[in-house]
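Source file coords-v3.cif; content: mmCIF, C-alpha atoms.
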```cif
data_start
#
loop_
_atom_site.group_PDB
_atom_site.id
_atom_site.type_symbol
_atom_site.label_atom_id
_atom_site.label_comp_id
_atom_site.auth_asym_id
_atom_site.auth_seq_id
_atom_site.Cartn_x
_atom_site.Cartn_y
_atom_site.Cartn_z
ATOM 1 C CA MET T 1 -154.307 249.277 11.951
ATOM 2 C CA ALA T 2 -157.419 247.622 13.403
ATOM 3 C CA LEU T 3 -158.266 245.473 10.377
ATOM 4 C CA GLN T 4 -155.282 243.192 10.578
ATOM 5 C CA GLN T 5 -157.199 239.979 11.122
ATOM 6 C CA ALA T 6 -160.122 238.341 9.430
ATOM 7 C CA GLN T 7 -162.462 235.920 11.139
ATOM 8 C CA TYR T 8 -164.326 233.194 9.284
ATOM 9 C CA PRO T 9 -165.724 229.741 10.090
ATOM 10 C CA ILE T 10 -163.922 226.638 8.827
ATOM 11 C CA SER T 11 -165.646 223.258 8.739
ATOM 12 C CA GLU T 12 -162.474 221.386 9.710
ATOM 13 C CA ALA T 13 -162.554 223.353 12.961
ATOM 14 C CA ASP T 14 -166.202 222.363 13.559
ATOM 15 C CA TRP T 15 -167.262 225.730 12.106
ATOM 16 C CA ARG T 16 -165.521 227.629 14.855
ATOM 17 C CA PRO T 17 -164.127 231.032 13.873
ATOM 18 C CA THR T 18 -160.562 231.004 12.594
ATOM 19 C CA HIS T 19 -158.333 234.086 12.575
ATOM 20 C CA SER T 20 -155.975 235.057 9.777
ATOM 21 C CA SER T 21 -154.166 238.231 8.856
ATOM 22 C CA LEU T 22 -154.836 240.064 5.618
ATOM 23 C CA ASP T 23 -151.495 238.803 4.301
ATOM 24 C CA ASP T 24 -152.516 235.137 4.684
ATOM 25 C CA ASN T 25 -154.143 232.733 2.266
ATOM 26 C CA ILE T 26 -157.038 230.545 3.307
ATOM 27 C CA SER T 27 -157.961 227.198 1.836
ATOM 28 C CA PHE T 28 -161.465 225.904 1.371
ATOM 29 C CA ASP T 29 -160.460 222.280 0.934
ATOM 30 C CA SER T 30 -163.981 220.936 0.422
ATOM 31 C CA VAL T 31 -164.239 222.897 -2.841
ATOM 32 C CA GLY T 32 -160.544 222.967 -3.748
ATOM 33 C CA LEU T 33 -160.236 226.752 -3.472
ATOM 34 C CA SER T 34 -157.526 228.921 -1.958
ATOM 35 C CA LEU T 35 -157.807 232.709 -1.678
ATOM 36 C CA ALA T 36 -155.834 235.580 -0.260
ATOM 37 C CA VAL T 37 -157.683 236.958 2.758
ATOM 38 C CA ALA T 38 -157.187 240.485 1.395
ATOM 39 C CA ASP T 39 -159.067 239.455 -1.771
ATOM 40 C CA LEU T 40 -162.108 238.644 0.352
ATOM 41 C CA TYR T 41 -162.076 242.219 1.623
ATOM 42 C CA HIS T 42 -161.260 243.995 -1.660
ATOM 43 C CA ARG T 43 -164.541 245.947 -1.652
ATOM 44 C CA ILE T 44 -164.187 247.216 1.918
ATOM 45 C CA ASP T 45 -163.566 250.943 1.883
ATOM 46 C CA ASN T 46 -162.560 252.171 5.299
ATOM 47 C CA GLU T 47 -159.505 253.759 6.843
ATOM 48 C CA ASP T 48 -158.001 250.461 7.987
ATOM 49 C CA MET T 49 -158.244 248.861 4.565
ATOM 50 C CA ARG T 50 -156.906 251.987 2.836
ATOM 51 C CA ASP T 51 -153.927 251.937 5.223
ATOM 52 C CA TYR T 52 -153.320 248.258 4.473
ATOM 53 C CA LEU T 53 -153.487 248.805 0.692
ATOM 54 C CA GLN T 54 -151.179 251.811 0.915
ATOM 55 C CA GLN T 55 -148.711 249.750 2.933
ATOM 56 C CA GLN T 56 -148.845 246.999 0.291
ATOM 57 C CA GLN T 57 -148.187 249.504 -2.500
ATOM 58 C CA GLN T 58 -145.209 250.919 -0.642
ATOM 59 C CA GLN T 59 -143.742 247.452 -0.152
ATOM 60 C CA GLN T 60 -144.179 246.621 -3.838
ATOM 61 C CA ALA T 61 -142.464 249.875 -4.844
ATOM 62 C CA GLN T 62 -139.319 248.985 -2.885
#
```
Show me this structure written as structure tokens.
Amino acid sequence: MALQQAQYPISEADWRPTHSSLDDNISFDSVGLSLAVADLYHRIDNEDMRDYLQQQQQQQAQ
């Protein structure tokens, strides 16, 4: 699956890109917010994201 990592800038890293997997949570400490990386991509509709969501559903069913 190609979409296994997300890249986003974080101010604590001098706005350098930071990599996380879709299973990670990210914290935006300056505003007191923490989100699942997958939630940031919930509207993406491509094969990689469909594969990831299917994999998540299979894991939840077990």
Given the PyMOL selection byres ((chain T and resi 53) around 12) and the file above, list the residues it selects as a PyMOL selection string. chain T and resi 1+3-4+22-23+38-39+41-52+54-60
Let me see the file: selected residues, C-alpha atoms, as an mmCIF file, in the frame of the given file.
```cif
data_model
loop_
_atom_site.group_PDB
_atom_site.id
_atom_site.type_symbol
_atom_site.label_atom_id
_atom_site.label_comp_id
_atom_site.auth_asym_id
_atom_site.auth_seq_id
_atom_site.Cartn_x
_atom_site.Cartn_y
_atom_site.Cartn_z
ATOM 1 C CA MET T 1 -154.307 249.277 11.951
ATOM 2 C CA LEU T 3 -158.266 245.473 10.377
ATOM 3 C CA GLN T 4 -155.282 243.192 10.578
ATOM 4 C CA LEU T 22 -154.836 240.064 5.618
ATOM 5 C CA ASP T 23 -151.495 238.803 4.301
ATOM 6 C CA ALA T 38 -157.187 240.485 1.395
ATOM 7 C CA ASP T 39 -159.067 239.455 -1.771
ATOM 8 C CA TYR T 41 -162.076 242.219 1.623
ATOM 9 C CA HIS T 42 -161.260 243.995 -1.660
ATOM 10 C CA ARG T 43 -164.541 245.947 -1.652
ATOM 11 C CA ILE T 44 -164.187 247.216 1.918
ATOM 12 C CA ASP T 45 -163.566 250.943 1.883
ATOM 13 C CA ASN T 46 -162.560 252.171 5.299
ATOM 14 C CA GLU T 47 -159.505 253.759 6.843
ATOM 15 C CA ASP T 48 -158.001 250.461 7.987
ATOM 16 C CA MET T 49 -158.244 248.861 4.565
ATOM 17 C CA ARG T 50 -156.906 251.987 2.836
ATOM 18 C CA ASP T 51 -153.927 251.937 5.223
ATOM 19 C CA TYR T 52 -153.320 248.258 4.473
ATOM 20 C CA GLN T 54 -151.179 251.811 0.915
ATOM 21 C CA GLN T 55 -148.711 249.750 2.933
ATOM 22 C CA GLN T 56 -148.845 246.999 0.291
ATOM 23 C CA GLN T 57 -148.187 249.504 -2.500
ATOM 24 C CA GLN T 58 -145.209 250.919 -0.642
ATOM 25 C CA GLN T 59 -143.742 247.452 -0.152
ATOM 26 C CA GLN T 60 -144.179 246.621 -3.838
#
```
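You will find CA of Asn25 in chain T at 22.6 Å from CA of Gln62 in chain T.
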Centre and edge lengths of an axis-aligned box around all listed atoms of range 39-46 of chain T, with 5 Å added on each side, are to be given in Å to one decimal, as JSON.
```
{"center_x": -161.8, "center_y": 245.4, "center_z": 1.8, "size_x": 15.5, "size_y": 23.5, "size_z": 17.1}
```
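The interatomic distance for the pair CA of Ser20 in chain T and CA of Val37 in chain T works out to 7.5 Å.
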I'd like the neighbourhood of Leu35 in chain T as a list in words, where a residue qualifies if any of its atoms comes within 10 Å (using only C-alpha atoms), though same-chain residues fewer than 4 positions away should be ignored. Asp24, Asn25, Ile26, Ser27, Phe28, Asp39 and Leu40 of chain T
All heavy atoms for range 26-37 of chain T, written as a PDB file, in the frame of the given file, could you do that?
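Contents of rebuild_32.pdb, freshly written:
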```
ATOM      1  N   ILE T  26    -156.207 231.548   2.651  1.00  0.00           N
ATOM      2  CA  ILE T  26    -157.038 230.545   3.307  1.00  0.00           C
ATOM      3  C   ILE T  26    -157.443 229.512   2.271  1.00  0.00           C
ATOM      4  O   ILE T  26    -157.592 229.818   1.086  1.00  0.00           O
ATOM      5  CB  ILE T  26    -158.285 231.151   3.981  1.00  0.00           C
ATOM      6  CG1 ILE T  26    -159.144 231.909   2.982  1.00  0.00           C
ATOM      7  CG2 ILE T  26    -157.895 232.033   5.141  1.00  0.00           C
ATOM      8  CD1 ILE T  26    -160.486 232.324   3.539  1.00  0.00           C
ATOM      9  N   SER T  27    -157.588 228.291   2.726  1.00  0.00           N
ATOM     10  CA  SER T  27    -157.961 227.198   1.836  1.00  0.00           C
ATOM     11  C   SER T  27    -159.335 226.677   2.211  1.00  0.00           C
ATOM     12  O   SER T  27    -159.617 226.445   3.390  1.00  0.00           O
ATOM     13  CB  SER T  27    -156.950 226.052   1.943  1.00  0.00           C
ATOM     14  OG  SER T  27    -155.704 226.454   1.468  1.00  0.00           O
ATOM     15  N   PHE T  28    -160.167 226.530   1.217  1.00  0.00           N
ATOM     16  CA  PHE T  28    -161.465 225.904   1.371  1.00  0.00           C
ATOM     17  C   PHE T  28    -161.343 224.534   0.709  1.00  0.00           C
ATOM     18  O   PHE T  28    -161.668 224.352  -0.469  1.00  0.00           O
ATOM     19  CB  PHE T  28    -162.556 226.761   0.713  1.00  0.00           C
ATOM     20  CG  PHE T  28    -162.651 228.147   1.313  1.00  0.00           C
ATOM     21  CD1 PHE T  28    -162.014 229.220   0.725  1.00  0.00           C
ATOM     22  CD2 PHE T  28    -163.377 228.363   2.474  1.00  0.00           C
ATOM     23  CE1 PHE T  28    -162.093 230.488   1.265  1.00  0.00           C
ATOM     24  CE2 PHE T  28    -163.462 229.631   3.036  1.00  0.00           C
ATOM     25  CZ  PHE T  28    -162.813 230.691   2.428  1.00  0.00           C
ATOM     26  N   ASP T  29    -160.814 223.581   1.476  1.00  0.00           N
ATOM     27  CA  ASP T  29    -160.460 222.280   0.934  1.00  0.00           C
ATOM     28  C   ASP T  29    -161.641 221.525   0.343  1.00  0.00           C
ATOM     29  O   ASP T  29    -161.490 220.802  -0.634  1.00  0.00           O
ATOM     30  CB  ASP T  29    -159.786 221.420   2.007  1.00  0.00           C
ATOM     31  CG  ASP T  29    -158.460 222.015   2.455  1.00  0.00           C
ATOM     32  OD1 ASP T  29    -157.802 222.691   1.629  1.00  0.00           O
ATOM     33  OD2 ASP T  29    -158.084 221.806   3.621  1.00  0.00           O
ATOM     34  N   SER T  30    -162.823 221.683   0.905  1.00  0.00           N
ATOM     35  CA  SER T  30    -163.981 220.936   0.422  1.00  0.00           C
ATOM     36  C   SER T  30    -164.355 221.301  -1.015  1.00  0.00           C
ATOM     37  O   SER T  30    -164.975 220.510  -1.711  1.00  0.00           O
ATOM     38  CB  SER T  30    -165.179 221.133   1.344  1.00  0.00           C
ATOM     39  OG  SER T  30    -165.547 222.499   1.388  1.00  0.00           O
ATOM     40  N   VAL T  31    -163.950 222.497  -1.462  1.00  0.00           N
ATOM     41  CA  VAL T  31    -164.239 222.897  -2.841  1.00  0.00           C
ATOM     42  C   VAL T  31    -162.966 223.128  -3.644  1.00  0.00           C
ATOM     43  O   VAL T  31    -163.015 223.597  -4.772  1.00  0.00           O
ATOM     44  CB  VAL T  31    -165.143 224.156  -2.899  1.00  0.00           C
ATOM     45  CG1 VAL T  31    -166.524 223.845  -2.358  1.00  0.00           C
ATOM     46  CG2 VAL T  31    -164.513 225.325  -2.169  1.00  0.00           C
ATOM     47  N   GLY T  32    -161.814 222.827  -3.037  1.00  0.00           N
ATOM     48  CA  GLY T  32    -160.544 222.967  -3.748  1.00  0.00           C
ATOM     49  C   GLY T  32    -160.198 224.395  -4.107  1.00  0.00           C
ATOM     50  O   GLY T  32    -159.694 224.671  -5.188  1.00  0.00           O
ATOM     51  N   LEU T  33    -160.444 225.332  -3.200  1.00  0.00           N
ATOM     52  CA  LEU T  33    -160.236 226.752  -3.472  1.00  0.00           C
ATOM     53  C   LEU T  33    -159.323 227.358  -2.420  1.00  0.00           C
ATOM     54  O   LEU T  33    -159.447 227.071  -1.227  1.00  0.00           O
ATOM     55  CB  LEU T  33    -161.587 227.475  -3.453  1.00  0.00           C
ATOM     56  CG  LEU T  33    -161.611 228.965  -3.712  1.00  0.00           C
ATOM     57  CD1 LEU T  33    -161.171 229.270  -5.140  1.00  0.00           C
ATOM     58  CD2 LEU T  33    -163.002 229.511  -3.471  1.00  0.00           C
ATOM     59  N   SER T  34    -158.403 228.184  -2.861  1.00  0.00           N
ATOM     60  CA  SER T  34    -157.526 228.921  -1.958  1.00  0.00           C
ATOM     61  C   SER T  34    -157.548 230.382  -2.381  1.00  0.00           C
ATOM     62  O   SER T  34    -157.436 230.694  -3.565  1.00  0.00           O
ATOM     63  CB  SER T  34    -156.101 228.361  -2.035  1.00  0.00           C
ATOM     64  OG  SER T  34    -155.262 229.052  -1.165  1.00  0.00           O
ATOM     65  N   LEU T  35    -157.711 231.275  -1.403  1.00  0.00           N
ATOM     66  CA  LEU T  35    -157.807 232.709  -1.678  1.00  0.00           C
ATOM     67  C   LEU T  35    -156.952 233.493  -0.709  1.00  0.00           C
ATOM     68  O   LEU T  35    -156.765 233.100   0.443  1.00  0.00           O
ATOM     69  CB  LEU T  35    -159.248 233.203  -1.507  1.00  0.00           C
ATOM     70  CG  LEU T  35    -160.308 232.691  -2.453  1.00  0.00           C
ATOM     71  CD1 LEU T  35    -161.683 233.130  -1.968  1.00  0.00           C
ATOM     72  CD2 LEU T  35    -160.058 233.212  -3.844  1.00  0.00           C
ATOM     73  N   ALA T  36    -156.487 234.637  -1.160  1.00  0.00           N
ATOM     74  CA  ALA T  36    -155.834 235.580  -0.260  1.00  0.00           C
ATOM     75  C   ALA T  36    -156.925 236.237   0.581  1.00  0.00           C
ATOM     76  O   ALA T  36    -157.973 236.620   0.063  1.00  0.00           O
ATOM     77  CB  ALA T  36    -155.075 236.637  -1.046  1.00  0.00           C
ATOM     78  N   VAL T  37    -156.695 236.342   1.871  1.00  0.00           N
ATOM     79  CA  VAL T  37    -157.683 236.958   2.758  1.00  0.00           C
ATOM     80  C   VAL T  37    -157.986 238.380   2.297  1.00  0.00           C
ATOM     81  O   VAL T  37    -159.145 238.806   2.289  1.00  0.00           O
ATOM     82  CB  VAL T  37    -157.196 236.930   4.223  1.00  0.00           C
ATOM     83  CG1 VAL T  37    -158.136 237.694   5.135  1.00  0.00           C
ATOM     84  CG2 VAL T  37    -157.044 235.490   4.700  1.00  0.00           C
TER      85      VAL T  37
END
```
